[in-house]
Every structure is written in C-alpha cells, then in structure tokens.
file run_6.cif (mmCIF, C-alpha atoms and all ligand atoms)
data_work
#
loop_
_atom_site.group_PDB
_atom_site.id
_atom_site.type_symbol
_atom_site.label_atom_id
_atom_site.label_comp_id
_atom_site.auth_asym_id
_atom_site.auth_seq_id
_atom_site.Cartn_x
_atom_site.Cartn_y
_atom_site.Cartn_z
ATOM 1 C CA MET A 1 -129.735 -49.776 -73.506
ATOM 2 C CA LYS A 2 -127.570 -52.835 -72.971
ATOM 3 C CA VAL A 3 -123.819 -52.768 -73.339
ATOM 4 C CA ALA A 4 -121.680 -55.913 -73.175
ATOM 5 C CA ILE A 5 -117.927 -55.676 -72.605
ATOM 6 C CA ALA A 6 -115.882 -58.391 -74.294
ATOM 7 C CA GLY A 7 -112.251 -59.266 -74.964
ATOM 8 C CA LYS A 8 -109.345 -61.510 -74.086
ATOM 9 C CA GLY A 9 -108.526 -62.253 -70.453
ATOM 10 C CA GLY A 10 -106.789 -59.444 -68.616
ATOM 11 C CA VAL A 11 -107.228 -56.694 -71.220
ATOM 12 C CA GLY A 12 -109.180 -54.441 -68.832
ATOM 13 C CA LYS A 13 -112.835 -55.469 -69.322
ATOM 14 C CA THR A 14 -113.701 -55.172 -65.634
ATOM 15 C CA THR A 15 -111.884 -51.862 -65.209
ATOM 16 C CA VAL A 16 -113.735 -50.432 -68.202
ATOM 17 C CA SER A 17 -117.111 -51.918 -67.141
ATOM 18 C CA GLY A 18 -116.896 -50.562 -63.599
ATOM 19 C CA THR A 19 -115.694 -47.137 -64.649
ATOM 20 C CA VAL A 20 -118.203 -46.650 -67.461
ATOM 21 C CA ALA A 21 -121.052 -47.875 -65.225
ATOM 22 C CA ARG A 22 -120.160 -45.299 -62.572
ATOM 23 C CA ALA A 23 -119.751 -42.555 -65.186
ATOM 24 C CA LEU A 24 -123.147 -43.332 -66.757
ATOM 25 C CA ALA A 25 -124.749 -43.165 -63.304
ATOM 26 C CA ARG A 26 -123.052 -39.830 -62.612
ATOM 27 C CA ALA A 27 -124.525 -38.571 -65.883
ATOM 28 C CA GLY A 28 -127.966 -39.332 -64.441
ATOM 29 C CA HIS A 29 -128.782 -42.743 -65.937
ATOM 30 C CA PRO A 30 -130.176 -45.626 -63.883
ATOM 31 C CA VAL A 31 -127.460 -48.289 -64.236
ATOM 32 C CA LEU A 32 -127.416 -51.994 -63.595
ATOM 33 C CA ALA A 33 -123.931 -53.512 -63.673
ATOM 34 C CA LEU A 34 -124.045 -57.226 -64.410
ATOM 35 C CA ASP A 35 -121.037 -59.354 -63.545
ATOM 36 C CA ALA A 36 -121.098 -62.438 -65.759
ATOM 37 C CA ASP A 37 -117.520 -63.505 -65.055
ATOM 38 C CA SER A 38 -117.011 -66.789 -63.205
ATOM 39 C CA ASN A 39 -114.487 -64.941 -61.065
ATOM 40 C CA PRO A 40 -116.603 -61.862 -60.287
ATOM 41 C CA MET A 41 -114.522 -58.763 -59.629
ATOM 42 C CA LEU A 42 -116.713 -56.021 -61.005
ATOM 43 C CA GLY A 43 -117.627 -54.915 -57.476
ATOM 44 C CA VAL A 44 -114.041 -53.890 -56.833
ATOM 45 C CA SER A 45 -113.804 -51.745 -59.991
ATOM 46 C CA LEU A 46 -117.177 -50.193 -59.117
ATOM 47 C CA GLY A 47 -116.023 -49.246 -55.656
ATOM 48 C CA VAL A 48 -118.281 -51.634 -53.726
ATOM 49 C CA GLY A 49 -115.274 -52.873 -51.803
ATOM 50 C CA ALA A 50 -113.707 -56.285 -51.509
ATOM 51 C CA ASP A 51 -115.823 -57.409 -48.513
ATOM 52 C CA GLU A 52 -119.192 -56.664 -50.110
ATOM 53 C CA THR A 53 -117.994 -58.232 -53.366
ATOM 54 C CA GLU A 54 -116.987 -61.331 -51.420
ATOM 55 C CA LEU A 55 -120.501 -61.522 -49.892
ATOM 56 C CA LEU A 56 -122.037 -61.570 -53.361
ATOM 57 C CA VAL A 57 -119.592 -64.234 -54.462
ATOM 58 C CA SER A 58 -120.482 -66.372 -51.419
ATOM 59 C CA ALA A 59 -124.199 -66.005 -52.177
ATOM 60 C CA ARG A 60 -123.575 -67.425 -55.634
ATOM 61 C CA GLN A 61 -121.340 -70.131 -54.230
ATOM 62 C CA ALA A 62 -124.074 -71.180 -51.773
ATOM 63 C CA VAL A 63 -126.459 -71.777 -54.693
ATOM 64 C CA ALA A 64 -123.745 -73.622 -56.600
ATOM 65 C CA ASP A 65 -123.108 -75.832 -53.539
ATOM 66 C CA GLY A 66 -126.798 -76.580 -53.097
ATOM 67 C CA GLN A 67 -126.912 -74.702 -49.793
ATOM 68 C CA ALA A 68 -129.228 -71.959 -51.024
ATOM 69 C CA GLU A 69 -132.331 -71.928 -53.205
ATOM 70 C CA HIS A 70 -132.193 -71.126 -56.888
ATOM 71 C CA GLU A 71 -133.801 -67.852 -57.935
ATOM 72 C CA PRO A 72 -136.478 -68.165 -60.610
ATOM 73 C CA THR A 73 -137.199 -64.474 -61.248
ATOM 74 C CA MET A 74 -135.132 -61.632 -62.624
ATOM 75 C CA GLU A 75 -136.253 -59.263 -59.880
ATOM 76 C CA GLY A 76 -135.229 -61.830 -57.291
ATOM 77 C CA LEU A 77 -131.873 -62.181 -58.954
ATOM 78 C CA VAL A 78 -131.285 -58.436 -58.836
ATOM 79 C CA GLU A 79 -132.378 -58.397 -55.194
ATOM 80 C CA ARG A 80 -130.595 -61.490 -53.851
ATOM 81 C CA PHE A 81 -127.366 -61.369 -55.783
ATOM 82 C CA GLY A 82 -127.096 -57.610 -55.913
ATOM 83 C CA ALA A 83 -125.582 -54.781 -53.930
ATOM 84 C CA ASP A 84 -125.774 -51.016 -54.142
ATOM 85 C CA ALA A 85 -122.648 -49.406 -55.526
ATOM 86 C CA PRO A 86 -121.749 -45.696 -55.361
ATOM 87 C CA ASP A 87 -123.606 -43.169 -57.560
ATOM 88 C CA GLY A 88 -126.705 -45.394 -57.430
ATOM 89 C CA VAL A 89 -125.359 -48.237 -59.589
ATOM 90 C CA ARG A 90 -126.932 -51.614 -58.806
ATOM 91 C CA LEU A 91 -124.386 -54.424 -59.062
ATOM 92 C CA VAL A 92 -125.632 -57.944 -59.779
ATOM 93 C CA VAL A 93 -123.470 -61.037 -59.845
ATOM 94 C CA ALA A 94 -124.878 -63.513 -62.341
ATOM 95 C CA THR A 95 -122.151 -66.012 -62.999
ATOM 96 C CA ARG A 96 -123.158 -69.288 -64.531
ATOM 97 C CA LEU A 97 -123.536 -72.104 -62.002
ATOM 98 C CA ASP A 98 -122.445 -75.721 -62.418
ATOM 99 C CA VAL A 99 -125.671 -77.166 -61.036
ATOM 100 C CA ILE A 100 -128.348 -76.045 -63.422
ATOM 101 C CA ASN A 101 -132.145 -75.945 -62.924
ATOM 102 C CA PRO A 102 -133.845 -75.838 -66.305
ATOM 103 C CA GLY A 103 -135.690 -72.568 -66.867
ATOM 104 C CA CYS A 104 -134.138 -70.950 -63.822
ATOM 105 C CA TYR A 105 -132.833 -67.457 -64.447
ATOM 106 C CA CYS A 106 -130.146 -67.547 -61.840
ATOM 107 C CA CYS A 107 -128.121 -70.457 -63.116
ATOM 108 C CA GLY A 108 -128.999 -72.213 -66.321
ATOM 109 C CA VAL A 109 -129.095 -69.381 -68.770
ATOM 110 C CA ASN A 110 -126.265 -67.605 -70.496
ATOM 111 C CA PRO A 111 -125.456 -63.968 -69.825
ATOM 112 C CA GLU A 112 -126.996 -62.950 -73.128
ATOM 113 C CA ASN A 113 -130.347 -64.397 -72.020
ATOM 114 C CA LEU A 114 -130.019 -62.727 -68.665
ATOM 115 C CA ILE A 115 -129.496 -59.420 -70.391
ATOM 116 C CA ARG A 116 -132.611 -60.044 -72.440
ATOM 117 C CA GLY A 117 -134.544 -60.825 -69.254
ATOM 118 C CA LEU A 118 -133.535 -57.464 -67.884
ATOM 119 C CA GLU A 119 -135.492 -55.566 -70.500
ATOM 120 C CA ASP A 120 -137.562 -52.930 -68.752
ATOM 121 C CA GLY A 121 -138.689 -50.176 -71.005
ATOM 122 C CA GLY A 122 -135.334 -48.915 -72.079
ATOM 123 C CA GLU A 123 -134.464 -46.278 -69.520
ATOM 124 C CA ARG A 124 -132.060 -48.333 -67.502
ATOM 125 C CA ILE A 125 -128.600 -48.976 -68.895
ATOM 126 C CA VAL A 126 -127.280 -52.485 -68.359
ATOM 127 C CA VAL A 127 -123.490 -52.781 -68.400
ATOM 128 C CA CYS A 128 -122.431 -56.417 -68.595
ATOM 129 C CA ASP A 129 -118.867 -57.519 -67.874
ATOM 130 C CA LEU A 130 -118.555 -60.741 -69.869
ATOM 131 C CA GLU A 131 -116.339 -63.720 -69.248
ATOM 132 C CA ALA A 132 -113.030 -63.582 -71.135
ATOM 133 C CA GLY A 133 -112.997 -64.966 -74.656
ATOM 134 C CA LEU A 134 -115.645 -65.369 -77.325
ATOM 135 C CA GLY A 135 -118.206 -67.806 -75.879
ATOM 136 C CA THR A 136 -120.947 -65.317 -75.075
ATOM 137 C CA LEU A 137 -120.545 -63.467 -78.363
ATOM 138 C CA GLU A 138 -120.869 -66.730 -80.285
ATOM 139 C CA ARG A 139 -124.304 -67.238 -78.722
ATOM 140 C CA LEU A 140 -125.449 -63.645 -78.941
ATOM 141 C CA GLU A 141 -128.544 -63.069 -81.043
ATOM 142 C CA PRO A 142 -129.156 -59.800 -82.880
ATOM 143 C CA GLY A 143 -130.874 -57.226 -80.680
ATOM 144 C CA GLN A 144 -129.995 -58.896 -77.352
ATOM 145 C CA VAL A 145 -127.516 -56.158 -76.614
ATOM 146 C CA ASP A 146 -127.297 -52.775 -78.272
ATOM 147 C CA VAL A 147 -123.546 -52.299 -78.025
ATOM 148 C CA VAL A 148 -120.616 -54.690 -77.791
ATOM 149 C CA LEU A 149 -117.587 -52.896 -76.465
ATOM 150 C CA VAL A 150 -114.554 -54.911 -77.538
ATOM 151 C CA VAL A 151 -111.557 -54.198 -75.310
ATOM 152 C CA THR A 152 -108.057 -54.965 -76.549
ATOM 153 C CA ASN A 153 -104.475 -54.199 -75.633
ATOM 154 C CA PRO A 154 -101.771 -53.471 -78.189
ATOM 155 C CA THR A 155 -100.618 -57.094 -78.094
ATOM 156 C CA GLY A 156 -100.813 -59.802 -80.744
ATOM 157 C CA LYS A 157 -102.929 -62.274 -78.814
ATOM 158 C CA SER A 158 -105.480 -59.822 -77.450
ATOM 159 C CA LEU A 159 -105.785 -58.264 -80.906
ATOM 160 C CA GLU A 160 -106.492 -61.651 -82.437
ATOM 161 C CA VAL A 161 -109.317 -62.189 -79.924
ATOM 162 C CA ALA A 162 -110.551 -58.645 -80.604
ATOM 163 C CA ARG A 163 -110.550 -59.237 -84.368
ATOM 164 C CA ARG A 164 -112.711 -62.322 -83.936
ATOM 165 C CA ALA A 165 -114.939 -60.561 -81.383
ATOM 166 C CA VAL A 166 -115.557 -57.710 -83.830
ATOM 167 C CA GLU A 167 -116.372 -60.232 -86.552
ATOM 168 C CA LEU A 168 -118.815 -62.109 -84.304
ATOM 169 C CA ALA A 169 -120.523 -59.024 -82.916
ATOM 170 C CA THR A 170 -120.897 -57.157 -86.207
ATOM 171 C CA GLY A 171 -124.488 -57.433 -87.375
ATOM 172 C CA ARG A 172 -125.640 -58.449 -83.900
ATOM 173 C CA ALA A 173 -124.981 -55.121 -82.178
ATOM 174 C CA GLU A 174 -123.180 -51.859 -82.669
ATOM 175 C CA VAL A 175 -119.487 -52.593 -82.153
ATOM 176 C CA ILE A 176 -117.100 -50.156 -80.494
ATOM 177 C CA VAL A 177 -113.417 -51.017 -80.042
ATOM 178 C CA LEU A 178 -111.587 -49.725 -76.988
ATOM 179 C CA ALA A 179 -107.800 -49.863 -77.208
ATOM 180 C CA ASN A 180 -106.602 -50.066 -73.619
ATOM 181 C CA ARG A 181 -103.113 -49.555 -72.175
ATOM 182 C CA VAL A 182 -101.873 -47.677 -75.214
ATOM 183 C CA ARG A 183 -98.423 -46.114 -74.716
ATOM 184 C CA ASP A 184 -97.647 -44.426 -78.020
ATOM 185 C CA ASP A 185 -98.513 -44.058 -81.692
ATOM 186 C CA SER A 186 -96.821 -47.299 -82.609
ATOM 187 C CA ASP A 187 -99.342 -49.089 -80.358
ATOM 188 C CA VAL A 188 -102.190 -47.464 -82.282
ATOM 189 C CA ASP A 189 -100.524 -48.441 -85.573
ATOM 190 C CA LEU A 190 -100.306 -52.056 -84.436
ATOM 191 C CA ILE A 191 -104.004 -52.064 -83.519
ATOM 192 C CA ARG A 192 -104.963 -50.565 -86.884
ATOM 193 C CA GLU A 193 -102.867 -53.171 -88.710
ATOM 194 C CA VAL A 194 -105.072 -55.889 -87.252
ATOM 195 C CA LEU A 195 -108.445 -54.158 -86.908
ATOM 196 C CA GLY A 196 -108.283 -51.818 -89.890
ATOM 197 C CA ASP A 197 -109.165 -48.174 -90.089
ATOM 198 C CA ARG A 198 -112.092 -47.987 -87.695
ATOM 199 C CA GLU A 199 -113.249 -45.877 -84.784
ATOM 200 C CA LEU A 200 -111.038 -46.499 -81.767
ATOM 201 C CA ILE A 201 -111.556 -45.316 -78.202
ATOM 202 C CA VAL A 202 -107.963 -44.974 -77.018
ATOM 203 C CA VAL A 203 -107.227 -45.376 -73.305
ATOM 204 C CA PRO A 204 -103.610 -44.817 -72.270
ATOM 205 C CA GLU A 205 -101.583 -46.875 -69.838
ATOM 206 C CA GLU A 206 -102.687 -45.233 -66.587
ATOM 207 C CA PRO A 207 -100.834 -45.308 -63.264
ATOM 208 C CA VAL A 208 -104.041 -44.265 -61.438
ATOM 209 C CA ILE A 209 -105.777 -47.422 -62.700
ATOM 210 C CA ALA A 210 -102.848 -49.526 -61.511
ATOM 211 C CA ALA A 211 -102.890 -47.756 -58.135
ATOM 212 C CA ALA A 212 -106.670 -48.231 -57.742
ATOM 213 C CA ASP A 213 -106.181 -51.918 -58.441
ATOM 214 C CA ARG A 214 -103.528 -52.181 -55.702
ATOM 215 C CA GLU A 215 -105.763 -50.354 -53.217
ATOM 216 C CA GLY A 216 -108.921 -52.241 -54.168
ATOM 217 C CA THR A 217 -110.760 -49.017 -55.011
ATOM 218 C CA ALA A 218 -112.574 -47.738 -58.089
ATOM 219 C CA PRO A 219 -110.349 -45.776 -60.494
ATOM 220 C CA ILE A 220 -113.091 -43.120 -60.784
ATOM 221 C CA ASP A 221 -112.913 -42.546 -57.012
ATOM 222 C CA LEU A 222 -109.139 -42.253 -57.002
ATOM 223 C CA ASP A 223 -108.882 -39.672 -59.795
ATOM 224 C CA ALA A 224 -111.680 -39.221 -62.329
ATOM 225 C CA ASP A 225 -109.577 -36.670 -64.232
ATOM 226 C CA ALA A 226 -106.533 -38.880 -64.799
ATOM 227 C CA PRO A 227 -106.207 -39.275 -68.592
ATOM 228 C CA GLY A 228 -106.840 -43.038 -68.637
ATOM 229 C CA VAL A 229 -109.891 -42.749 -66.387
ATOM 230 C CA ALA A 230 -111.236 -39.696 -68.250
ATOM 231 C CA ALA A 231 -110.912 -41.548 -71.568
ATOM 232 C CA ILE A 232 -113.221 -44.273 -70.232
ATOM 233 C CA VAL A 233 -115.600 -41.721 -68.680
ATOM 234 C CA ALA A 234 -115.850 -40.029 -72.104
ATOM 235 C CA LEU A 235 -117.542 -43.180 -73.400
ATOM 236 C CA VAL A 236 -120.713 -41.818 -71.785
ATOM 237 C CA ASP A 237 -121.043 -39.236 -74.573
ATOM 238 C CA ARG A 238 -120.303 -41.821 -77.228
ATOM 239 C CA LEU A 239 -122.920 -44.196 -75.817
ATOM 240 C CA SER A 240 -125.634 -41.565 -75.512
ATOM 241 C CA GLY A 241 -125.443 -41.111 -79.275
ATOM 242 C CA THR A 242 -126.119 -44.813 -79.841
ATOM 243 C CA PRO A 243 -129.498 -45.915 -81.147
ATOM 244 C CA VAL A 244 -131.215 -48.503 -78.948
ATOM 245 C CA ALA A 245 -132.669 -51.684 -80.441
ATOM 246 C CA ALA A 246 -136.453 -51.779 -80.345
HETATM 247 N N1 LIG A 301 -105.327 -48.392 -68.780
HETATM 248 C C1 LIG A 301 -104.729 -49.126 -67.844
HETATM 249 N N2 LIG A 301 -103.534 -48.725 -67.305
HETATM 250 C C2 LIG A 301 -102.892 -49.484 -66.381
HETATM 251 N N3 LIG A 301 -103.368 -50.639 -65.899
HETATM 252 C C3 LIG A 301 -104.536 -51.096 -66.388
HETATM 253 C C4 LIG A 301 -105.282 -50.371 -67.370
HETATM 254 N N4 LIG A 301 -106.403 -51.066 -67.653
HETATM 255 C C5 LIG A 301 -106.382 -52.168 -66.871
HETATM 256 N N5 LIG A 301 -105.255 -52.205 -66.117
HETATM 257 C C6 LIG A 301 -104.853 -53.265 -65.185
HETATM 258 O O1 LIG A 301 -104.848 -54.490 -65.892
HETATM 259 C C7 LIG A 301 -105.244 -55.559 -65.048
HETATM 260 C C8 LIG A 301 -106.401 -56.313 -65.690
HETATM 261 O O2 LIG A 301 -107.524 -55.467 -65.719
HETATM 262 P P1 LIG A 301 -109.015 -56.066 -65.575
HETATM 263 O O3 LIG A 301 -109.111 -56.917 -64.382
HETATM 264 O O4 LIG A 301 -109.933 -54.929 -65.735
HETATM 265 O O5 LIG A 301 -109.034 -56.980 -66.888
HETATM 266 P P2 LIG A 301 -110.114 -58.068 -67.308
HETATM 267 O O6 LIG A 301 -110.144 -58.044 -68.789
HETATM 268 O O7 LIG A 301 -111.394 -57.825 -66.603
HETATM 269 O O8 LIG A 301 -109.448 -59.405 -66.778
HETATM 270 P P3 LIG A 301 -110.151 -60.859 -66.648
HETATM 271 O O9 LIG A 301 -110.236 -61.402 -68.037
HETATM 272 O O10 LIG A 301 -109.196 -61.605 -65.780
HETATM 273 O O11 LIG A 301 -111.498 -60.646 -66.030
HETATM 274 C C9 LIG A 301 -105.595 -54.931 -63.704
HETATM 275 O O12 LIG A 301 -104.484 -55.052 -62.856
HETATM 276 C C10 LIG A 301 -105.854 -53.477 -64.059
HETATM 277 O O13 LIG A 301 -105.610 -52.610 -62.990
HETATM 278 MG MG MG A 302 -112.566 -59.113 -65.438
#
call {"tool": "encode", "arguments": {"input": "run_6.cif", "output": "structure tokens"}}
result
Amino acid sequence: MKVAIAGKGGVGKTTVSGTVARALARAGHPVLALDADSNPMLGVSLGVGADETELLVSARQAVADGQAEHEPTMEGLVERFGADAPDGVRLVVATRLDVINPGCYCCGVNPENLIRGLEDGGERIVVCDLEAGLGTLERLEPGQVDVVLVVTNPTGKSLEVARRAVELATGRAEVIVLANRVRDDSDVDLIREVLGDRELIVVPEEPVIAAADREGTAPIDLDADAPGVAAIVALVDRLSGTPVAA
C-alpha cells in the first residue's frame, strides 16, 4: 500500500507521516518512509535524530552539487539515501534535485513516479511525506498511490489548500482528511463548512507534539498515549481497512 501525505506548508504533514509510519511498523508492517520534501525533516519526526537526518541531506546535496554519482536504481536509492529508523522503518530521502539526469530515479522523476517505482508485491507500506502545496497531486495518476491523506489545520488558508487537494486526489486515490491542531468544536465546524460533511480524522492541539519538536525527538517516543499522538496512531486501523490498488 502507498500513502501520500499532502497539505499546505506547516499543517503537520511531517509529524503525521513520521508518527503513522512508526505506528504501522509497530503493528507489524514493513514500512518505507519516503521524504519527498526539498527540506527533508521526516527523519526527525521518525526518531532517526538530527545528525543522521543531516547525513542523508548531505548525501542528496552531494549529488545535487555534482560531487556524487546519480543513482539509477530504486534499490540503490533506498540503500544510498536511506537510514534505518526505530521499529524497523526504512527512511529514504528522495527530494528532487536541480541537476537532472534523464531516466535517473534519484533526481529527475517526481515523487509520484518514485512511489510507483517502489512497487514490490504489496506487502510493504510506503508512507510518502510530500512537498507542501498541490504540485505532486496535480501530476498524480490514478493508482499510483492508494491513499492520499490530506492534512489541514482549522485555518482559512490551509483549508483552501485542503479543499483543492481533496478535489485533485478524488478519483485518483482514496482520500482521507486529517484535521490537525483542533482545539474545540468550533474548529471542527469551520472545517466542515469548507470540506462538507465527510469523514474526518481529528487530531487535537497536542503539547507532547510541540515538546517532541523542541527536543528533536519522535512524538511516538515521547508519549504514544498522549491524545494527539494516539489519534495519529489510530490511523493504522483506518488504513488496514483500505483496499489496495491492483
Ligand atoms: N497536533 C499538533 N499539536 C501541536 N503542535 C503540532 C501538531 N501538529 C504539528 N505541530 C507542530 O507544527 C509544526 C509544523 O509541523 P510539521 O513540520 O509536521 O508540518 P509540515 O506540514 O510538515 O510543514 P512543512 O510544510 O514545512 O514541511 C511543528 O512545530 C509541529 O511540532
Ligand atoms: Mg514537512
């Protein structure tokens, strides 16, 4: 199964991606976490640590600067630009490079093609933290990912991006909306005003998530039972009920 996490900048995509990837791994799934953001931070939310994350970023930078070879194979990409995260998650940084070799997996393709290249029989779950905005979703072809998880906050601008993301992703994948940093019922009302009466995964404003961010640790390692963290972890059950594209 392949899950892509989309939404406006700063809504919590990386927090959700890292936490759900760890939770899926704890539930026994092989998980590959793909960081497609040009400022890759998924390692921190996964609990890989800032130093290891920085190493992966430098490896990508070396290719971008022409100081390291491009990587033509998917397996090589997973090996060279990857690190092992806790619970057995494999983290891969696959940000788009400026200097592009045609046909090269590691630089010239979009995240959605990378995700397609990662097809391997269906057992592994790929969790892809997308770049902010709508670019990747605009290029997404039906069946490339099974689920698009649209993350929004209860704010006008992020809801406008979420509305368009839902529109773009509908018909290309199953769409699940995650309302993050919700404080009260009026926040939920605001979200429903824009997105209509649909299934919402509601994640409250969570001090543990803020604290994990300050400490540079994974929220799931700080307190997996904190309501905001548990609400993201509960996505595991929701995702296991999702049909996978053939
Ligand atoms: N439920 C929550 N409660 C409190 N703080 C949160 C919550 N979710 C996310 N945050 C905080 O919001 C900030 C942005 O989160 P995150 O980096 O996950 O967003 P993002 O969508 O990946 O951002 P970007 O578009 O820059 O990649 C972080 O400081 C994070 O700790
Ligand atoms: Mg992010």
call {"tool": "atom_distance", "arguments": {"input": "run_6.cif", "atom1": "CA of Ala218 in chain A", "atom2": "CA of Glu131 in chain A"}}
result
19.9 Å
call {"tool": "residues_near_ligand", "arguments": {"input": "run_6.cif", "ligand": "ligand MG 302 (chain A)", "cutoff": "7 Å", "atoms": "only C-alpha atoms and all ligand atoms", "output": "PDB file with C-alpha atoms, in the coordinates of the input"}}
result
ATOM      1  CA  GLY A  10    -106.789 -59.444 -68.616  1.00  0.00           C
ATOM      2  CA  GLY A  12    -109.180 -54.441 -68.832  1.00  0.00           C
ATOM      3  CA  LYS A  13    -112.835 -55.469 -69.322  1.00  0.00           C
ATOM      4  CA  THR A  14    -113.701 -55.172 -65.634  1.00  0.00           C
ATOM      5  CA  ASP A  37    -117.520 -63.505 -65.055  1.00  0.00           C
ATOM      6  CA  MET A  41    -114.522 -58.763 -59.629  1.00  0.00           C
ATOM      7  CA  LEU A  42    -116.713 -56.021 -61.005  1.00  0.00           C
ATOM      8  CA  ASP A 129    -118.867 -57.519 -67.874  1.00  0.00           C
TER       9      ASP A 129
END
call {"tool": "resolve_selection", "arguments": {"input": "run_6.cif", "expression": "the PyMOL selection byres (((not hetatm)) within 6 of (chain A and resi 301))", "output": "PyMOL selection string"}}
result
chain A and resi 9-15+132+180-181+203-207+209-210+213+228
call {"tool": "resolve_selection", "arguments": {"input": "run_6.cif", "expression": "the PyMOL selection byres (((chain A and resi 40) around 10) and not hetatm)", "output": "count of residues only"}}
result
22
call {"tool": "atom_distance", "arguments": {"input": "run_6.cif", "atom1": "CA of Ala50 in chain A", "atom2": "CA of Leu77 in chain A"}}
result
20.5 Å
call {"tool": "resolve_selection", "arguments": {"input": "run_6.cif", "expression": "the PyMOL selection byres (((chain A and resi 31) around 7) and not hetatm)", "output": "list in words"}}
result
Ala21, Ala25, His29, Pro30, Leu32, Ala33, Val89, Arg90, Arg124, Ile125 and Val126 of chain A
call {"tool": "closest_residue", "arguments": {"input": "run_6.cif", "among": "A:Lys157, A:Arg172, A:Arg163, A:Arg26", "to": "Arg192 in chain A", "atoms": "only C-alpha atoms"}}
result
A:Arg163
call {"tool": "residues_around", "arguments": {"input": "run_6.cif", "residues": "range 152-154 of chain A", "least_positions_apart": "4", "cutoff": "9 Å", "atoms": "all atoms listed in the file", "output": "NGL selection string"}}
result
:A and (6-8 or 11-13 or 158-159 or 161-162 or 177-183 or 187-188 or 190-191)
call {"tool": "residues_near_point", "arguments": {"input": "run_6.cif", "point": "(-128.8, -70.4, -55.5)", "cutoff": "8 Å", "atoms": "all atoms listed in the file", "output": "list in words"}}
result
Ala59, Arg60, Gln61, Ala62, Val63, Ala64, Gly66, Gln67, Ala68, Glu69, His70, Glu71, Cys106 and Cys107 of chain A
call {"tool": "atom_distance", "arguments": {"input": "run_6.cif", "atom1": "CA of Val148 in chain A", "atom2": "CA of Ile5 in chain A"}}
result
5.9 Å
call {"tool": "closest_residue", "arguments": {"input": "run_6.cif", "among": "A:Ala4, A:Ala224, A:Glu193, A:Gly28", "to": "Glu123 in chain A", "atoms": "all atoms listed in the file"}}
result
A:Gly28
call {"tool": "closest_residue", "arguments": {"input": "run_6.cif", "among": "A:Ala165, A:Leu149, A:Ala83, A:Ala211", "to": "Thr136 in chain A", "atoms": "all atoms listed in the file"}}
result
A:Ala165
